[in-house]
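Data first, discussion second: the structure below is written as structure tokens.
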Amino acid sequence: MYVEADPSGADSWKLEPVVELLKEGAVGVVPTDTLYAIVCDLKSHSAIERLRRIKNVEPSKPLSILCRSLRDIDTYTTGFPRGDGQGHANIFRAVKHCLPGPYTFILTASKEVPKKCVRYGTTTAKYSLRKHVGVRIPNDAICQAILQKMDAPLISTSVKWLKDNEWMVDPVVIADTYGPEGLDFVVDGGVRVAEPSTVVDMTGTYPKIIRQGKGPKLYWMEEEDANSTAIEDLIPSAT
């Protein structure tokens, strides 16, 4: 199925069949406020396996969650640091001002997140024995219209060329490339700019940017200075 939708969300009725397919376990492509994303229903374990197979995402690589609201983030993670007297700053209010927006926040996953979506740390002691997941609330009318009609958030991974580590931004090309790989649908919201979200690790003492993207660095964020391998292992396949 190929659906052309107005980026403004004015014709969101066109998305009804897409929502039904997702609820039935489909895997497809939708636009976000940054890149296009391959998505499926968080509650469908078989769809998550298909998504990994289509994108060729390794089992050890975490997947992102596209959320409808902050309430979803509180359900599927342990939440944002609200200040606990142990060095964690109370930055929840600051976070609310940049969501929805082009940020992926890495948080500790709750038991509600399927095990297929999280990463159990790296061999680096700093990240060992912890389950992390990247969460987003995209500021995109089409994506939000789909999310609001779902019963759960969407699991997502960014769309790249099959052989090159480059973003794919044209939905027509995405359909031609990934359709044969097993996609069930593509929602065309226009060509995007090849600029991913900014990834911020919220699991340490202070929020640290581990991938600078479309979202600007804010005053309460620090730049990551850890080992590059550990950083790469933490970054989900985020849009």
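Ordering of the structure tokens sets the chain letters (A, B, ...), residue numbers begin anew at 1 in every chain, and ligands are numbered from 1 in the order given.
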Excluding region 194-200 of chain A and residues on its chain fewer than 4 positions from it, collect all residues at most 7 Å away from it, counting only C-alpha atoms, and give them as a PyMOL selection string.
-> chain A and resi 34-35+102-106+167+169+207-215+239
DSSP strand (DSSP E or B) residues within region 65-234 of chain A, listed as a ChimeraX atom specification = /A:65-66,77,82,90,103-109,119-120,131-136,154-158,160,167,185-188,198-201,208-211,222-223
Cut-off 9 Å: closest region 25-124 of chain A/region 141-158 of chain A atom pairs per residue, using only C-alpha atoms, as CSV:
```
residue,atom,partner,partner_atom,distance
A:Val30,CA,A:Cys143,CA,6.6
A:Pro31,CA,A:Cys143,CA,6.2
A:Thr32,CA,A:Cys143,CA,5.8
A:Asp33,CA,A:Cys143,CA,8.3
A:Leu35,CA,A:Ser158,CA,6.9
A:Tyr36,CA,A:Ser158,CA,6.3
A:Ala37,CA,A:Ser158,CA,4.6
A:Ile38,CA,A:Thr157,CA,5.4
A:Val39,CA,A:Ser156,CA,4.4
A:Cys40,CA,A:Ile155,CA,5.4
A:Asp41,CA,A:Leu154,CA,4.9
A:Leu42,CA,A:Leu154,CA,5.2
A:Lys43,CA,A:Ala152,CA,7.0
A:Ile48,CA,A:Ile155,CA,7.4
A:Leu51,CA,A:Thr157,CA,8.3
A:Arg52,CA,A:Thr157,CA,8.7
A:Lys55,CA,A:Thr157,CA,8.0
A:Val57,CA,A:Thr157,CA,8.7
A:Leu63,CA,A:Thr157,CA,6.1
A:Ser64,CA,A:Ser156,CA,5.2
A:Ile65,CA,A:Ile155,CA,4.7
A:Leu66,CA,A:Leu154,CA,5.1
A:Cys67,CA,A:Pro153,CA,5.0
A:Arg68,CA,A:Leu147,CA,5.7
A:Asp72,CA,A:Pro153,CA,7.3
A:Cys117,CA,A:Ile155,CA,7.9
```
Pick from A:Met221, A:Ala109, A:Met202, A:Val27, whichever lies nearest to Tyr178 (chain A) using only C-alpha atoms |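 Looking at the shortest contact to Tyr178 (chain A), the residue is A:Val27.
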Closest to Pro114 (chain A) among A:Ala47, A:Val193, A:Ala94, A:Met1, using only C-alpha atoms?
->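 Ranked by minimum distance to Pro114 (chain A), first place goes to A:Ala47.
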Go through region 147-186 of chain A residue by residue and, counting only C-alpha atoms, keep those with an atom at most 10 Å from region 6-18 of chain A; for each kept residue give the shortest atom pair and its distance in Å to one decimal, ordered by chain and increasing number, as a tab-separated table.
```
residue	atom	partner	partner_atom	distance
A:Lys149	CA	A:Glu16	CA	8.2
A:Asp184	CA	A:Val18	CA	9.2
A:Phe185	CA	A:Val18	CA	7.3
A:Val186	CA	A:Val18	CA	8.7
```
Export, as a PDB file, in the first residue's frame, the selected residues with all heavy atoms.
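Output contents, as saved in result.pdb:
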```
ATOM      1  N   LYS A 149      -4.148   7.303  16.828  1.00  0.00           N
ATOM      2  CA  LYS A 149      -5.161   6.295  16.507  1.00  0.00           C
ATOM      3  C   LYS A 149      -4.739   4.886  16.945  1.00  0.00           C
ATOM      4  O   LYS A 149      -5.527   3.948  16.874  1.00  0.00           O
ATOM      5  CB  LYS A 149      -5.440   6.291  14.999  1.00  0.00           C
ATOM      6  CG  LYS A 149      -6.026   7.595  14.465  1.00  0.00           C
ATOM      7  CD  LYS A 149      -6.154   7.550  12.951  1.00  0.00           C
ATOM      8  CE  LYS A 149      -6.574   8.897  12.367  1.00  0.00           C
ATOM      9  NZ  LYS A 149      -7.919   9.303  12.793  1.00  0.00           N
ATOM     10  N   ASP A 184       4.853  -3.540   4.154  1.00  0.00           N
ATOM     11  CA  ASP A 184       3.420  -3.641   3.887  1.00  0.00           C
ATOM     12  C   ASP A 184       2.836  -2.321   3.392  1.00  0.00           C
ATOM     13  O   ASP A 184       1.803  -2.312   2.715  1.00  0.00           O
ATOM     14  CB  ASP A 184       2.678  -4.083   5.145  1.00  0.00           C
ATOM     15  CG  ASP A 184       3.119  -5.472   5.596  1.00  0.00           C
ATOM     16  OD1 ASP A 184       3.056  -6.393   4.777  1.00  0.00           O
ATOM     17  OD2 ASP A 184       3.528  -5.610   6.765  1.00  0.00           O
ATOM     18  N   PHE A 185       3.466  -1.202   3.742  1.00  0.00           N
ATOM     19  CA  PHE A 185       2.954   0.099   3.302  1.00  0.00           C
ATOM     20  C   PHE A 185       4.046   1.161   3.403  1.00  0.00           C
ATOM     21  O   PHE A 185       5.036   1.000   4.118  1.00  0.00           O
ATOM     22  CB  PHE A 185       1.750   0.528   4.148  1.00  0.00           C
ATOM     23  CG  PHE A 185       2.093   0.827   5.591  1.00  0.00           C
ATOM     24  CD1 PHE A 185       2.568   2.069   5.982  1.00  0.00           C
ATOM     25  CD2 PHE A 185       1.937  -0.149   6.568  1.00  0.00           C
ATOM     26  CE1 PHE A 185       2.893   2.337   7.304  1.00  0.00           C
ATOM     27  CE2 PHE A 185       2.250   0.108   7.896  1.00  0.00           C
ATOM     28  CZ  PHE A 185       2.736   1.356   8.257  1.00  0.00           C
ATOM     29  N   VAL A 186       3.825   2.261   2.662  1.00  0.00           N
ATOM     30  CA  VAL A 186       4.655   3.459   2.766  1.00  0.00           C
ATOM     31  C   VAL A 186       3.722   4.661   2.777  1.00  0.00           C
ATOM     32  O   VAL A 186       2.835   4.775   1.937  1.00  0.00           O
ATOM     33  CB  VAL A 186       5.646   3.591   1.585  1.00  0.00           C
ATOM     34  CG1 VAL A 186       6.350   4.959   1.640  1.00  0.00           C
ATOM     35  CG2 VAL A 186       6.683   2.483   1.617  1.00  0.00           C
TER      36      VAL A 186
END
```
What separates CA of Ala175 (chain A) and CA of Ser44 (chain A) is a distance of 22.4 Å
